[in-house]
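Okay, coords.cif now, which holds mmCIF, C-alpha atoms:
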```cif
data_entry
#
loop_
_atom_site.label_atom_id
_atom_site.label_comp_id
_atom_site.auth_asym_id
_atom_site.auth_seq_id
_atom_site.Cartn_x
_atom_site.Cartn_y
_atom_site.Cartn_z
CA MET V 1 -7.95 15.20 -5.31
CA ARG V 2 -8.85 11.97 -3.50
CA LEU V 3 -7.05 10.82 -0.37
CA SER V 4 -6.67 7.20 0.72
CA VAL V 5 -4.64 5.27 3.28
CA LEU V 6 -1.98 2.60 2.96
CA ASP V 7 -1.41 1.12 6.41
CA GLN V 8 1.63 -1.07 7.01
CA VAL V 9 0.38 -1.52 10.60
CA PRO V 10 3.69 -0.44 12.19
CA ILE V 11 4.28 -1.37 15.82
CA SER V 12 5.71 1.38 17.98
CA GLN V 13 8.53 0.64 20.41
CA ASP V 14 7.16 -0.59 23.77
CA SER V 15 3.83 -1.42 22.08
CA SER V 16 2.41 -4.73 20.81
CA PRO V 17 0.95 -6.24 17.63
CA GLU V 18 -2.45 -6.38 19.31
CA GLU V 19 -2.38 -2.64 20.04
CA ALA V 20 -1.16 -1.82 16.52
CA LEU V 21 -4.03 -3.81 14.98
CA ASP V 22 -6.54 -2.16 17.30
CA ASN V 23 -5.20 1.23 16.21
CA THR V 24 -5.64 0.21 12.56
CA VAL V 25 -9.35 -0.42 13.17
CA LYS V 26 -9.66 2.97 14.89
CA LEU V 27 -7.85 4.73 12.05
CA ALA V 28 -10.02 3.06 9.40
CA LYS V 29 -13.18 4.26 11.14
CA MET V 30 -11.80 7.76 11.56
CA THR V 31 -10.58 8.16 7.97
CA GLU V 32 -13.91 6.87 6.66
CA ASN V 33 -15.67 9.64 8.60
CA LEU V 34 -13.22 12.19 7.22
CA GLY V 35 -13.96 11.28 3.59
CA TYR V 36 -10.97 9.14 2.61
CA THR V 37 -11.66 6.92 -0.41
CA ARG V 38 -9.83 3.67 0.41
CA TYR V 39 -8.10 1.96 3.28
CA TRP V 40 -5.51 -0.58 2.18
CA VAL V 41 -3.35 -2.82 4.37
CA ALA V 42 0.06 -4.16 3.42
CA GLU V 43 1.57 -7.63 3.53
CA HIS V 44 4.90 -8.22 5.27
CA HIS V 45 6.50 -11.35 6.68
CA ASN V 46 9.20 -12.35 9.15
CA THR V 47 9.34 -8.93 10.82
CA ASN V 48 8.77 -7.85 14.41
CA GLY V 49 7.83 -4.30 13.47
CA LEU V 50 4.89 -4.62 11.07
CA ALA V 51 1.75 -6.48 12.16
CA SER V 52 0.00 -6.96 8.80
CA SER V 53 1.08 -10.42 7.63
CA SER V 54 -2.36 -11.47 6.35
CA PRO V 55 -4.16 -8.59 4.61
CA GLU V 56 -7.19 -10.72 3.67
CA ILE V 57 -7.99 -11.49 7.32
CA LEU V 58 -7.38 -7.91 8.43
CA MET V 59 -9.54 -6.63 5.57
CA THR V 60 -12.45 -8.69 6.87
CA ARG V 61 -12.14 -7.01 10.27
CA LEU V 62 -11.87 -3.54 8.75
CA ALA V 63 -14.78 -3.97 6.34
CA GLY V 64 -16.95 -5.18 9.21
CA ALA V 65 -16.00 -2.17 11.32
CA THR V 66 -16.79 0.37 8.55
CA SER V 67 -19.66 0.92 6.15
CA SER V 68 -18.60 2.89 3.05
CA ILE V 69 -14.83 3.30 2.65
CA ARG V 70 -13.27 0.86 0.19
CA ILE V 71 -11.11 -1.78 1.86
CA GLY V 72 -8.16 -3.29 0.04
CA SER V 73 -4.78 -4.96 0.06
CA GLY V 74 -1.63 -3.06 -0.65
CA GLY V 75 -0.75 -5.61 -1.74
CA VAL V 76 -1.08 -9.38 -1.76
CA LEU V 77 2.31 -10.79 -2.83
CA LEU V 78 1.08 -12.80 -5.80
CA PRO V 79 4.40 -14.50 -6.75
CA GLN V 80 4.17 -16.55 -3.55
CA TYR V 81 0.62 -17.80 -4.06
CA ALA V 82 -1.69 -19.62 -6.45
CA PRO V 83 -3.93 -17.25 -8.47
CA LEU V 84 -6.98 -19.46 -7.81
CA LYS V 85 -6.60 -19.15 -4.04
CA VAL V 86 -6.20 -15.37 -4.25
CA ALA V 87 -9.28 -15.16 -6.50
CA GLU V 88 -11.34 -17.21 -4.04
CA ASN V 89 -10.19 -15.18 -1.03
CA PHE V 90 -11.25 -11.97 -2.70
CA ARG V 91 -14.49 -13.33 -4.10
CA MET V 92 -15.31 -14.32 -0.53
CA LEU V 93 -14.59 -10.78 0.64
CA GLU V 94 -16.65 -9.39 -2.26
CA ALA V 95 -19.57 -11.67 -1.33
CA MET V 96 -19.55 -10.35 2.24
CA TYR V 97 -18.92 -6.69 1.34
CA PRO V 98 -20.11 -6.10 -2.25
CA ASN V 99 -18.57 -3.21 -4.19
CA ARG V 100 -16.26 -2.25 -1.32
CA ILE V 101 -13.23 -4.48 -1.91
CA ASP V 102 -10.01 -3.67 -3.82
CA LEU V 103 -7.53 -6.39 -4.83
CA GLY V 104 -4.11 -4.76 -4.72
CA LEU V 105 -1.20 -6.94 -5.83
CA GLY V 106 2.55 -6.67 -5.40
CA ARG V 107 5.46 -8.41 -7.09
CA SER V 108 7.74 -8.27 -4.04
CA PRO V 109 9.36 -11.51 -2.81
CA GLY V 110 8.11 -10.71 0.69
CA GLY V 111 11.44 -10.84 2.49
CA SER V 112 14.58 -12.93 2.51
CA ASN V 113 15.03 -15.96 0.30
CA GLU V 114 14.37 -18.20 3.30
CA THR V 115 11.14 -16.35 4.05
CA ARG V 116 9.97 -16.71 0.47
CA LEU V 117 10.72 -20.43 0.39
CA ALA V 118 8.79 -20.82 3.64
CA LEU V 119 5.81 -19.07 2.04
CA THR V 120 5.95 -21.27 -1.05
CA ASP V 121 6.57 -24.49 0.90
CA HIS V 122 10.08 -24.98 -0.52
CA ILE V 123 8.98 -24.43 -4.14
CA LYS V 124 11.28 -22.05 -6.02
CA LYS V 125 8.81 -19.92 -7.95
CA SER V 126 10.06 -17.50 -10.60
CA MET V 127 9.32 -13.79 -10.18
CA SER V 128 9.13 -13.62 -13.98
CA SER V 129 5.83 -15.53 -13.79
CA PHE V 130 4.04 -12.47 -12.40
CA PRO V 131 2.44 -11.38 -15.73
CA ARG V 132 1.15 -14.92 -16.31
CA GLN V 133 -0.19 -15.08 -12.75
CA LEU V 134 -1.95 -11.73 -13.24
CA GLU V 135 -3.69 -13.04 -16.37
CA GLU V 136 -4.75 -16.24 -14.60
CA LEU V 137 -6.05 -14.31 -11.60
CA TYR V 138 -8.07 -12.07 -13.91
CA GLY V 139 -9.38 -15.18 -15.68
CA PHE V 140 -10.47 -16.83 -12.43
CA LEU V 141 -12.18 -13.65 -11.19
CA HIS V 142 -14.12 -13.15 -14.41
CA ASP V 143 -14.55 -16.79 -15.53
CA ASP V 144 -12.57 -15.80 -18.60
CA LEU V 145 -9.71 -18.28 -18.94
CA PRO V 146 -9.09 -19.30 -22.58
CA LYS V 147 -10.64 -22.60 -23.67
CA ASN V 148 -7.20 -24.07 -24.24
CA HIS V 149 -6.03 -23.16 -20.72
CA PRO V 150 -5.41 -26.23 -18.51
CA PHE V 151 -7.61 -24.75 -15.76
CA HIS V 152 -10.44 -23.59 -18.04
CA THR V 153 -13.01 -25.76 -16.26
CA VAL V 154 -11.95 -24.61 -12.77
CA LYS V 155 -14.21 -21.88 -11.39
CA ALA V 156 -13.36 -19.68 -8.41
CA SER V 157 -15.93 -19.83 -5.62
CA PRO V 158 -18.17 -18.31 -4.46
CA ARG V 159 -19.77 -17.25 -7.76
CA THR V 160 -20.31 -13.60 -6.88
CA LYS V 161 -22.37 -11.16 -8.93
CA THR V 162 -19.57 -8.58 -8.76
CA ASN V 163 -15.79 -8.84 -8.58
CA PRO V 164 -13.22 -6.64 -6.87
CA PRO V 165 -11.13 -4.52 -9.24
CA ILE V 166 -7.45 -5.43 -9.54
CA TRP V 167 -4.75 -2.89 -8.76
CA VAL V 168 -1.03 -3.44 -9.35
CA LEU V 169 1.53 -1.79 -7.09
CA GLY V 170 4.69 -0.89 -8.97
CA LEU V 171 7.90 1.11 -9.07
CA SER V 172 8.90 0.88 -12.72
CA GLU V 173 7.67 0.80 -16.29
CA ARG V 174 7.61 -3.00 -16.08
CA GLY V 175 5.05 -2.83 -13.27
CA ALA V 176 3.11 -0.17 -15.15
CA THR V 177 2.99 -2.39 -18.25
CA ASN V 178 1.77 -5.36 -16.20
CA ALA V 179 -1.07 -3.25 -14.85
CA ALA V 180 -1.94 -1.75 -18.23
CA ASN V 181 -2.08 -5.10 -20.02
CA ILE V 182 -4.98 -6.37 -17.88
CA GLY V 183 -6.72 -3.01 -17.46
CA ALA V 184 -5.87 -2.86 -13.75
CA GLY V 185 -5.51 0.24 -11.63
CA PHE V 186 -1.92 1.28 -10.95
CA THR V 187 -0.46 2.45 -7.64
CA TYR V 188 2.98 4.02 -7.91
CA GLY V 189 5.24 3.61 -4.87
CA HIS V 190 6.68 7.12 -4.53
CA PHE V 191 7.34 6.21 -0.88
CA ILE V 192 9.92 3.70 -2.14
CA ASN V 193 11.20 5.27 -5.37
CA PRO V 194 10.50 9.01 -5.80
CA THR V 195 12.49 9.35 -9.04
CA LYS V 196 10.59 7.33 -11.66
CA GLY V 197 6.99 8.35 -11.17
CA LYS V 198 6.41 10.60 -14.15
CA GLU V 199 7.66 8.21 -16.85
CA THR V 200 6.23 5.13 -15.11
CA ILE V 201 2.71 6.56 -14.92
CA ALA V 202 2.97 7.84 -18.49
CA THR V 203 3.83 4.31 -19.64
CA TYR V 204 0.81 2.91 -17.78
CA LYS V 205 -1.56 5.39 -19.39
CA GLU V 206 -0.09 4.89 -22.85
CA LYS V 207 -0.35 1.09 -22.75
CA PHE V 208 -3.65 0.78 -20.84
CA LYS V 209 -6.12 -1.76 -22.27
CA PRO V 210 -9.71 -1.36 -21.02
CA ASN V 211 -11.51 -4.46 -19.76
CA LYS V 212 -13.62 -5.69 -16.84
CA ASN V 213 -11.36 -4.08 -14.24
CA PHE V 214 -11.55 -0.49 -15.49
CA ASP V 215 -12.57 1.14 -18.76
CA GLU V 216 -9.98 3.90 -18.34
CA PRO V 217 -6.67 4.31 -16.45
CA HIS V 218 -6.84 4.71 -12.68
CA VAL V 219 -3.70 5.97 -10.89
CA ALA V 220 -2.91 6.38 -7.21
CA VAL V 221 0.42 7.55 -5.80
CA CYS V 222 1.60 6.24 -2.43
CA ILE V 223 3.73 8.59 -0.34
CA PHE V 224 4.94 9.13 3.26
CA VAL V 225 3.27 12.20 4.79
CA ILE V 226 3.66 13.79 8.22
CA CYS V 227 1.45 16.80 8.83
CA SER V 228 1.18 18.99 11.93
CA GLN V 229 0.07 22.48 12.88
CA THR V 230 3.59 23.88 12.69
CA LYS V 231 6.68 23.09 10.63
CA GLU V 232 8.71 22.59 13.80
CA LYS V 233 6.27 20.03 15.22
CA ALA V 234 6.09 18.11 11.93
CA GLU V 235 9.88 17.97 11.74
CA GLU V 236 10.06 16.72 15.32
CA LEU V 237 7.50 13.96 14.66
CA ALA V 238 9.43 12.95 11.54
CA LEU V 239 12.50 12.09 13.62
CA SER V 240 10.94 8.78 14.65
CA GLN V 241 10.21 7.87 11.02
CA ASP V 242 13.74 8.90 10.00
CA LEU V 243 15.31 6.50 12.49
CA TRP V 244 12.77 3.76 11.73
CA LEU V 245 13.53 3.90 7.98
CA LEU V 246 17.26 3.91 8.68
CA ARG V 247 16.96 0.79 10.81
CA VAL V 248 14.71 -0.95 8.30
CA GLU V 249 17.31 -0.43 5.58
CA LYS V 250 20.07 -1.71 7.86
CA GLY V 251 18.02 -4.68 9.03
CA ILE V 252 18.66 -3.72 12.67
CA GLY V 253 15.06 -3.67 13.90
CA THR V 254 11.81 -2.35 12.63
CA ARG V 255 9.64 -1.12 15.50
CA VAL V 256 9.03 2.63 15.32
CA PRO V 257 11.20 4.42 17.89
CA SER V 258 10.06 7.37 19.98
CA VAL V 259 11.01 10.96 19.18
CA GLU V 260 13.02 11.02 22.42
CA GLU V 261 15.06 8.01 21.31
CA ALA V 262 15.63 9.54 17.89
CA LYS V 263 16.84 12.81 19.45
CA LYS V 264 19.44 10.95 21.52
CA LYS V 265 20.81 9.11 18.49
CA VAL V 266 24.15 10.40 17.16
CA TYR V 267 24.22 9.86 13.41
CA THR V 268 27.30 9.17 11.35
CA GLU V 269 27.86 11.13 8.16
CA SER V 270 26.76 8.15 6.03
CA GLU V 271 23.63 7.66 8.15
CA GLN V 272 22.69 11.31 7.77
CA MET V 273 23.11 10.99 4.00
CA ILE V 274 20.66 8.06 4.02
CA ILE V 275 18.17 10.10 6.05
CA ASP V 276 18.49 13.05 3.67
CA LYS V 277 17.88 10.72 0.72
CA ASN V 278 14.87 9.14 2.42
CA ARG V 279 13.32 12.56 2.97
CA LYS V 280 12.72 12.71 -0.79
CA ARG V 281 10.21 9.90 -0.28
CA CYS V 282 8.25 12.05 2.18
CA ILE V 283 6.27 15.25 2.56
CA ILE V 284 6.66 16.83 5.99
CA GLY V 285 5.17 20.10 7.17
CA THR V 286 2.07 22.17 7.83
CA PRO V 287 -1.25 21.48 6.07
CA GLU V 288 -0.56 24.28 3.60
CA THR V 289 2.94 22.97 2.81
CA VAL V 290 1.71 19.42 2.36
CA LYS V 291 -1.17 20.55 0.16
CA LYS V 292 1.16 22.54 -2.11
CA GLN V 293 3.61 19.65 -2.52
CA LEU V 294 0.88 17.10 -3.20
CA GLU V 295 -0.65 19.41 -5.79
CA ASP V 296 2.76 19.78 -7.46
CA ILE V 297 3.14 16.00 -7.64
CA GLN V 298 -0.44 15.71 -8.89
CA VAL V 299 0.36 17.99 -11.82
CA SER V 300 3.72 16.34 -12.55
CA TYR V 301 2.41 12.76 -12.40
CA GLY V 302 -1.05 13.35 -13.79
CA CYS V 303 -2.76 11.55 -10.89
CA ASN V 304 -5.81 12.41 -8.81
CA GLU V 305 -5.43 10.12 -5.79
CA PHE V 306 -2.83 9.81 -3.06
CA MET V 307 -2.42 6.90 -0.66
CA ILE V 308 -0.94 8.27 2.53
CA ILE V 309 1.46 6.40 4.84
CA THR V 310 2.29 7.96 8.21
CA ASN V 311 4.67 5.79 10.24
CA ILE V 312 5.42 7.77 13.39
CA TYR V 313 5.64 6.73 17.02
CA SER V 314 2.58 8.48 18.46
CA PHE V 315 -0.78 7.14 17.31
CA GLU V 316 -2.49 10.34 18.49
CA GLU V 317 -0.20 12.46 16.31
CA LYS V 318 -0.73 10.04 13.43
CA VAL V 319 -4.50 10.51 13.72
CA ASN V 320 -4.01 14.27 13.86
CA SER V 321 -1.92 14.18 10.67
CA TYR V 322 -4.67 12.38 8.74
CA ARG V 323 -7.28 14.74 10.20
CA LEU V 324 -5.36 17.87 9.16
CA LEU V 325 -4.90 16.50 5.64
CA ALA V 326 -8.62 15.85 5.28
CA LYS V 327 -9.54 19.27 6.64
CA THR V 328 -7.19 20.96 4.18
CA LEU V 329 -7.66 18.86 1.06
CA LEU V 330 -11.12 17.30 1.27
CA ASN V 331 -13.23 20.18 2.59
#
```

Can you give me the file's structure in the form of C-alpha cells?
Amino acid sequence: MRLSVLDQVPISQDSSPEEALDNTVKLAKMTENLGYTRYWVAEHHNTNGLASSSPEILMTRLAGATSSIRIGSGGVLLPQYAPLKVAENFRMLEAMYPNRIDLGLGRSPGGSNETRLALTDHIKKSMSSFPRQLEELYGFLHDDLPKNHPFHTVKASPRTKTNPPIWVLGLSERGATNAANIGAGFTYGHFINPTKGKETIATYKEKFKPNKNFDEPHVAVCIFVICSQTKEKAEELALSQDLWLLRVEKGIGTRVPSVEEAKKKVYTESEQMIIDKNRKRCIIGTPETVKKQLEDIQVSYGCNEFMIITNIYSFEEKVNSYRLLAKTLLN
C-alpha cells in the first residue's frame, strides 16, 4: 500500500493563510521523510477557510522545499481554463523539477456561479466540454493534436524532454470514463462520495486505454483520516472536523474550529444526522483501526494507493496523525 497526501490547506480558527501555507511546507517535508509517495494541493476559490487558490504556484514552493516526493495538483479546475495555459504551466514545472510533477485535474465549477464567471472573465463555459478539454490538454503536452485540429501548429512551451502524467479526480463512472479514455490515472473522491467507489473504479479499469500517460490503470483513493494513539483521542480530534464539514455544507464559514468550540456546540437532530452521514467519508481511530479499514477498502476497491486528508484544528496533532499512519503502514 502506498500513502500520499491531498492538502486543501485549511486555515484553523484564529490562524492566518500565511501560517497555513507555512504548515503545508512543513508537512510536505515531513511526509517526504516518512515515505509518502505524493503531495498534492487542492484548488479552491472565494473562501476564507482554504488557502490553496493557486496550486501551480504552491507546487513550485513545495517542489523546491523537497527533493524526492512527487508534487501535484488535486486538482486544477480545467473547465475554467484554457488547456494550452494549463499545459504550459505544468511543462514549466516539469522543466524545473523533472519526473516529480503530477497534473491532477478536476471538473468542479470551483464555487458559486459568480465565482466561476469571475474565473472565466464573464465567459459562460460548458462543463460538458471537459472531455474535449482533456484531449486538447493531452495533445498540447505530447505535441499530439490531430492535423485537422485548429491548434495543430500551436506548441506548448517550454519543450520539455518529459511530461507530467495526467490524473483525473472523479466521483462517478463519467469521471472514470474521462480518465480511462486518455490513459490518465484516476483518483476517486471517497472523502466526498463514499458510496460509488467500487463500481466507479471498476469502470475505469474496464475502459482504460494505454497511452503516453500510463500503460496500465493507476488508481488512488482520497479519504479523510484522523489517527491517534487512542480511540478516545482520535474521536476528540475529529470533533473539529465534524463541525468544520457541517459549516462548509451550510455555507456558514469554513475555518477549522477548535475542539473546545466543537464541544460547546449544541447540535440539532438534523445537524447530528449530517455529522453521522459525513463520518462515512472518514476513518477515525487508532493506527491499528485505521490500517484495518484502509485494507478493507483496498480489497473492495482494488486500489493500492490512498491520498490522505486530515483537516483538524491542531497542526501538531495533524502531523502526529500522518506520522502514526506511516509508522503503521509504511514500515

- Let me know the residues the PyMOL selection byres ((chain V and resi 225-227) around 8) catches in the file above, as number ranges by chain. V: 223-224, 228-229, 234, 237-238, 282-287, 290, 308-310, 318, 320-322, 324-325

- Item | Sel. within 12 Å of pt (-4.9, -12.4, -16.5), counting only C-alpha atoms, output as an NGL selection string | :V and (83-84 or 87 or 129-146 or 149 or 166 or 178-184 or 211-213)

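Between Leu243 (chain V) and the candidates V:Asn193, V:Thr187, V:Asn278, V:Ser126, the tightest atom-to-atom separation, counting only C-alpha atoms, involves V:Asn278.
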
- Message: Could you tell me, as a PyMOL selection string, exactly which residues end up selected when the PyMOL selection byres ((chain V and resi 66) around 12) is applied to this structure?
- Response: chain V and resi 24-33+38-39+59-65+67-71+97+100

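Distances here use all atoms listed in the file; by that measure, the residue among V:Glu56, V:Glu216, V:Asp242, V:Glu199 closest to Leu93 (chain V) is V:Glu56.
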
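For the residues V:Glu43, V:Glu249, V:Asp296, V:Glu260, ranking by smallest atom-to-atom distance to Ile192 (chain V) using only C-alpha atoms places V:Glu249 first.
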
- Query: So which residues get picked by the PyMOL selection byres ((chain V and resi 218) around 7) here, written as a ChimeraX atom specification?
  - Reply: /V:185-186,216-217,219-220

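Computed from the coordinates, the CA of Gln80 (chain V) to CA of Thr153 (chain V) distance equals 23.3 Å.
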